[in-house]
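The structure under discussion appears below in the form of structure tokens.
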Amino acid sequence: MQLLQQLRQQHLVRPLDVQFARFIRDEELSISGQTEVSDTLPLLAALVSLQLGRGEVCLPLNSWSSLMENWPSVLRKPAEQLLQELSRNALIGFSVISDGQQEAPLVLSNGRLYLYRYWLYETEVAGRIQQLTAPIPLNRDSIKAGLRRLFVDRLAGEIDWQQVAVAIAISRRFSVISGGPGTGKTTTVARLLALYAESFSQQMQRAPLIKLAAPTGKAAARLSESLAGAQEALPVSDAIRAMIPNQAVTLHRLLGPRPDSKNFRHNAENPLHLDLLVVDEASMIDLPMIYRLLAALPPQAQLIMIGDRDQLASVEAGSVLGDICAWDSQEGVSEERPGLCYSPEQLDYLQQVCELPVPASEPGDSPVADALALLRRSYRFDENSGIGHLARAVNRGEGIEAMQLFDQSWRDIRFMALSDVGYGEMVSEVCAGYSVYLKCLRQGSEPSLLLKAFNQIQLLAVVRQGAYGVEGLNQAVEERLQRQGLISLSGNWYTGRPVMITRNDYQLGLYNGDIGITVADEDGRLRVWFELSDGEMKGVLPGRLPEHETVYAMTVHKSQGSEFDQVVMILPAEDTPLLTRELIYTGITRARSKFTLQATSQALVRGSRRRTERASGLSWRLWHAPGLLK
């Protein structure tokens, strides 16, 4: 424990990690009846806890050294000496570690050390997904006719990946549709819902119960808005159109939160009342949430997850969508092929119902492959889009090529070198963008219009502290707007202050990531106005708000599920593990029409080469150990 205290003093582990290590040590002494325990055990316990705090599900015992690469040598060496003597068989000898067959605080499984709860989440999720990917009996002629009617605009001779995605999703109780921005995910979902409603109503002689959900309020509102527009163009009857919902809710609201509890009202004993659940922005879903969602799914219901596998993983533990979509390691994958190892049975089905020559691929061993679809063609970022080219270059890890794009004649991307002068220019540009909503505020515009005007531009950062972090940027923007006479700073609250909720408040119906604008009423009282997922506006007194922060600038993580006309992203001068390919890609693709990057060329190149790799066994269980539940 002395080593852990030294690590704590150097801020290399958290107080929580040390306390957990102490708990594990005391539990081992209590259960075993011994008077001493190896220092290896509390060290491992602290590292497992530390991993969880970093969003990692487990501690891989073959790569623990990466955790210590930035530790000072005087602390790294004794820790390495303890762990180098580690034997997996010896670990099972500890009373507090099991292989999962018996409940214990820690579980050793496939060379990974877990907290029992997260091992349970992972194994149950893997087993449930494998069960749900079994094919559903379908009338292929009916599905073929429906697809032909819904996809009359397909291009001759080309594979319509949206059509393929619909055919796949309707054939499984669990499926994933992954695609980058502008690939038509909303259009695909709208057509999928129409085909599902037709098929279900014909077979069951009633309208299906369909629910739409997303991880955050803003993502739910975006899904509601985009689906409402897409439904108008569907070539279906009014009766079928009436069966399709266009209002999404947050996952927390869907499951029914319980006050002061992480548990939900809907679970395995009290499942959701629905036939089909569509969840958007699936990359934001963490392992505990997908576990609870799958547990609450009724026996005969279908779950369709929509998202972008290349985006950042969830803030909390796990990289669920990335693990499910881990087809890159499968054989037979190339740009010209489906991107998945479909089984011969699935290929036969797709060729029959889609009337298109789906390319053959090497069959995989995992049934999960047959439940996945990848949308490839971007309708927003075409060959004339600098944003599209930049996002693809970063996504391929080609940082040098990405930098070269800024020297070309693209009108929608711009590079600003990181410097004191450039920083001032960037702040001025951002303030000019925010002046639009502040002028609307002075003109007495409705809160809904203020929020739309505010979302025309967004400043994104990688870190929180420092001049290049969220806190420094928010201060710089506030000071500039104050000098321009656009806001009047008087304490924390002022008319026009934009805030973001950082903690869920189920009673108020406000959730982490929701953004509101502060407006004074006729009597001068301030209220913060939010747009709820159903499109309604809600005004809340500042004193009643849950935890929140000013949001002229936000982290890239917080921007997930949102889109803005213009995005300005700043990368820190110093290297940080947070700066990854997925983060840069996510920031770029938040922009609809213009993207500005302030950074050094080294930061862009370095970040593009670094991939986010979260420790997890879910991908292994789904792709390399099919059928293995525990």
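Labels used: A, B, ... for chains in the order of the structure tokens, numbers from 1 for residues in each chain, and numbers from 1 for ligands as shown.
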
Find the residues around region 429-445 of chain A up to 7 Å (only C-alpha atoms counted), leave out those fewer than 4 positions away in its own chain, and share them as number ranges by chain. A: 425, 449-450, 453-454, 457, 477, 481, 486, 496

Output file for the residues above (N, CA and C atoms, as a PDB file, in the first residue's frame):
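Contents of out_35.pdb, freshly written:
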```
ATOM      1  N   GLU A 425      -7.517  36.038 -33.395  1.00  0.00           N
ATOM      2  CA  GLU A 425      -8.357  36.043 -34.602  1.00  0.00           C
ATOM      3  C   GLU A 425      -9.470  34.997 -34.494  1.00  0.00           C
ATOM      4  N   LEU A 449     -36.038  30.212 -31.477  1.00  0.00           N
ATOM      5  CA  LEU A 449     -35.241  30.844 -32.533  1.00  0.00           C
ATOM      6  C   LEU A 449     -33.853  31.200 -32.026  1.00  0.00           C
ATOM      7  N   LEU A 450     -33.756  31.569 -30.753  1.00  0.00           N
ATOM      8  CA  LEU A 450     -32.449  31.875 -30.170  1.00  0.00           C
ATOM      9  C   LEU A 450     -31.554  30.639 -30.178  1.00  0.00           C
ATOM     10  N   ALA A 453     -30.339  29.985 -33.664  1.00  0.00           N
ATOM     11  CA  ALA A 453     -29.296  30.937 -34.035  1.00  0.00           C
ATOM     12  C   ALA A 453     -27.984  30.621 -33.311  1.00  0.00           C
ATOM     13  N   PHE A 454     -28.078  30.202 -32.055  1.00  0.00           N
ATOM     14  CA  PHE A 454     -26.883  29.853 -31.294  1.00  0.00           C
ATOM     15  C   PHE A 454     -26.157  28.672 -31.930  1.00  0.00           C
ATOM     16  N   ILE A 457     -23.008  28.196 -34.955  1.00  0.00           N
ATOM     17  CA  ILE A 457     -21.562  28.076 -34.811  1.00  0.00           C
ATOM     18  C   ILE A 457     -21.262  27.437 -33.464  1.00  0.00           C
ATOM     19  N   VAL A 477     -14.079  34.212 -24.744  1.00  0.00           N
ATOM     20  CA  VAL A 477     -15.246  34.617 -25.532  1.00  0.00           C
ATOM     21  C   VAL A 477     -16.117  35.576 -24.729  1.00  0.00           C
ATOM     22  N   LEU A 481     -17.044  39.369 -25.910  1.00  0.00           N
ATOM     23  CA  LEU A 481     -18.439  39.784 -26.091  1.00  0.00           C
ATOM     24  C   LEU A 481     -18.800  40.934 -25.158  1.00  0.00           C
ATOM     25  N   LEU A 486     -22.096  43.169 -26.261  1.00  0.00           N
ATOM     26  CA  LEU A 486     -23.139  42.208 -26.622  1.00  0.00           C
ATOM     27  C   LEU A 486     -23.691  41.474 -25.412  1.00  0.00           C
ATOM     28  N   GLY A 496     -28.582  36.098 -22.052  1.00  0.00           N
ATOM     29  CA  GLY A 496     -27.838  35.566 -23.187  1.00  0.00           C
ATOM     30  C   GLY A 496     -26.872  34.462 -22.832  1.00  0.00           C
TER      31      GLY A 496
END
```

Residues at most 9 Å from Gly322 (chain A), counting only C-alpha atoms, excluding those fewer than 3 positions away in the same chain, as a PyMOL selection string? chain A and resi 283+308-311+313+319+325-326+619

Set the distance at 7 Å and use only C-alpha atoms: which residues neighbour Ser616 (chain A) once local chain neighbours fewer than 2 positions away are removed? I'd like the list as a PyMOL selection string. chain A and resi 56-58+318+614+618

Expected file contents, prior selection, N, CA, C and O atoms, as a CSV table (one decimal), in the first residue's frame:
```
chain,number,residue,atom,x,y,z
A,56,GLU,N,-12.2,2.4,-19.6
A,56,GLU,CA,-11.8,1.0,-20.0
A,56,GLU,C,-12.6,0.0,-19.2
A,56,GLU,O,-12.8,0.2,-18.0
A,57,VAL,N,-13.0,-1.1,-19.8
A,57,VAL,CA,-13.9,-2.0,-19.1
A,57,VAL,C,-13.1,-3.0,-18.2
A,57,VAL,O,-13.5,-3.4,-17.2
A,58,CYS,N,-11.8,-3.2,-18.6
A,58,CYS,CA,-11.0,-4.2,-17.8
A,58,CYS,C,-9.5,-3.8,-17.9
A,58,CYS,O,-9.1,-2.8,-18.5
A,318,GLY,N,-16.5,1.5,-21.9
A,318,GLY,CA,-16.8,0.7,-23.0
A,318,GLY,C,-16.8,1.4,-24.3
A,318,GLY,O,-16.8,2.6,-24.4
A,614,ARG,N,-9.8,1.0,-26.5
A,614,ARG,CA,-10.3,0.8,-25.2
A,614,ARG,C,-10.2,-0.7,-24.8
A,614,ARG,O,-10.5,-1.6,-25.7
A,618,LEU,N,-15.5,-7.4,-25.3
A,618,LEU,CA,-16.7,-7.6,-26.0
A,618,LEU,C,-16.5,-8.0,-27.5
A,618,LEU,O,-17.1,-8.9,-28.0
```

Please identify which residues in region 558-604 of chain A DSSP calls strand (DSSP E or B) from the backbone, and express them as a list in words. Phe564, Asp565, Gln566, Val567, Val568, Met569, Ile570, Ala591, Arg592, Ser593, Lys594, Phe595, Thr596, Leu597, Gln598 and Ala599 of chain A

Output N, CA and C atoms for every residue in that selection, as a CSV table (one decimal), in the first residue's frame.
```
chain,number,residue,atom,x,y,z
A,564,PHE,N,-23.7,21.5,-36.4
A,564,PHE,CA,-23.7,23.0,-36.4
A,564,PHE,C,-23.3,23.4,-37.8
A,565,ASP,N,-23.8,24.5,-38.3
A,565,ASP,CA,-23.5,25.0,-39.6
A,565,ASP,C,-22.0,25.3,-39.7
A,566,GLN,N,-21.4,25.9,-38.7
A,566,GLN,CA,-20.0,26.2,-38.7
A,566,GLN,C,-19.3,25.7,-37.4
A,567,VAL,N,-18.2,25.0,-37.5
A,567,VAL,CA,-17.5,24.5,-36.4
A,567,VAL,C,-16.0,25.1,-36.4
A,568,VAL,N,-15.6,25.5,-35.2
A,568,VAL,CA,-14.2,25.9,-35.0
A,568,VAL,C,-13.6,25.0,-34.0
A,569,MET,N,-12.6,24.3,-34.3
A,569,MET,CA,-12.0,23.4,-33.4
A,569,MET,C,-10.5,23.7,-33.1
A,570,ILE,N,-10.1,23.7,-31.9
A,570,ILE,CA,-8.8,24.1,-31.5
A,570,ILE,C,-8.1,22.9,-30.8
A,591,ALA,N,-19.6,19.7,-38.4
A,591,ALA,CA,-19.8,20.8,-39.2
A,591,ALA,C,-20.6,20.4,-40.5
A,592,ARG,N,-21.6,21.2,-40.8
A,592,ARG,CA,-22.4,21.0,-42.0
A,592,ARG,C,-21.9,21.8,-43.2
A,593,SER,N,-21.4,23.0,-43.0
A,593,SER,CA,-21.0,23.8,-44.1
A,593,SER,C,-19.6,24.4,-44.1
A,594,LYS,N,-19.1,24.6,-42.9
A,594,LYS,CA,-17.8,25.2,-42.7
A,594,LYS,C,-17.0,24.7,-41.5
A,595,PHE,N,-15.7,24.3,-41.7
A,595,PHE,CA,-14.9,23.8,-40.6
A,595,PHE,C,-13.6,24.6,-40.6
A,596,THR,N,-13.3,25.1,-39.4
A,596,THR,CA,-12.0,25.8,-39.2
A,596,THR,C,-11.2,25.1,-38.1
A,597,LEU,N,-10.0,24.8,-38.4
A,597,LEU,CA,-9.1,24.2,-37.4
A,597,LEU,C,-8.0,25.1,-37.0
A,598,GLN,N,-7.8,25.3,-35.7
A,598,GLN,CA,-6.7,26.0,-35.2
A,598,GLN,C,-5.8,25.0,-34.5
A,599,ALA,N,-4.6,24.9,-35.0
A,599,ALA,CA,-3.7,23.8,-34.4
A,599,ALA,C,-2.3,24.0,-35.0
```

The residue from A:Gln482, A:Thr580, A:Asn110, A:Ser385 with the smallest atom-to-atom distance to Leu405 (chain A), counting only C-alpha atoms, is A:Ser385

Test item, helix (DSSP H, G or I) assignment across region 27-147 of chain A, answer as JSON, numbers by chain: {"A": [27, 28, 29, 30, 31, 32, 40, 41, 42, 43, 44, 45, 46, 47, 48, 49, 50, 51, 52, 53, 64, 65, 66, 67, 68, 73, 74, 75, 76, 77, 78, 79, 80, 81, 82, 83, 84, 88, 89, 90, 91, 92, 116, 117, 118, 119, 120, 121, 122, 123, 124, 125, 126, 127, 128, 129, 130, 131, 132, 140, 141, 142, 143, 144, 145, 146, 147]}

Residues near region 135-147 of chain A, anyone? I mean within 7 Å using only C-alpha atoms, not counting same-chain ones fewer than 6 positions away, as an MDAnalysis selection string. chainID A and resid 163 171:172 195 353:354

Those residues you just picked out, can you put them in a file as a short mmCIF file (atom, residue, chain, number, x, y, z; two decimals), in the first residue's frame with C-alpha atoms?
```cif
data_model
loop_
_atom_site.label_atom_id
_atom_site.label_comp_id
_atom_site.auth_asym_id
_atom_site.auth_seq_id
_atom_site.Cartn_x
_atom_site.Cartn_y
_atom_site.Cartn_z
CA GLN A 163 -31.54 -0.82 -49.34
CA SER A 171 -34.41 -9.75 -40.88
CA ARG A 172 -32.93 -9.78 -37.35
CA LEU A 195 -41.41 -1.51 -44.46
CA VAL A 353 -34.79 -9.39 -51.90
CA CYS A 354 -32.55 -6.52 -53.05
#
```

Pick from A:Pro498, A:Gly607, A:Gly466, A:Gly513: nearest to Thr250 (chain A), with only C-alpha atoms counted?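 Nearest candidate to Thr250 (chain A) out of A:Pro498, A:Gly607, A:Gly466, A:Gly513: A:Gly513.
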
If you count only C-alpha atoms, which residues fall within 8 Å of region 173-177 of chain A, apart from same-chain ones fewer than 4 positions away, as a list in words? Ile129, Leu132, Thr133, Ala134, Pro135, Ile136, Ala165, Ile168, Ala169, Lys185, Gln300, Ala301, Gln302, Leu303, Ile304, Met305, Ile306, Gly307, Ala371, Leu372, Ala373, Leu374 and Leu375 of chain A
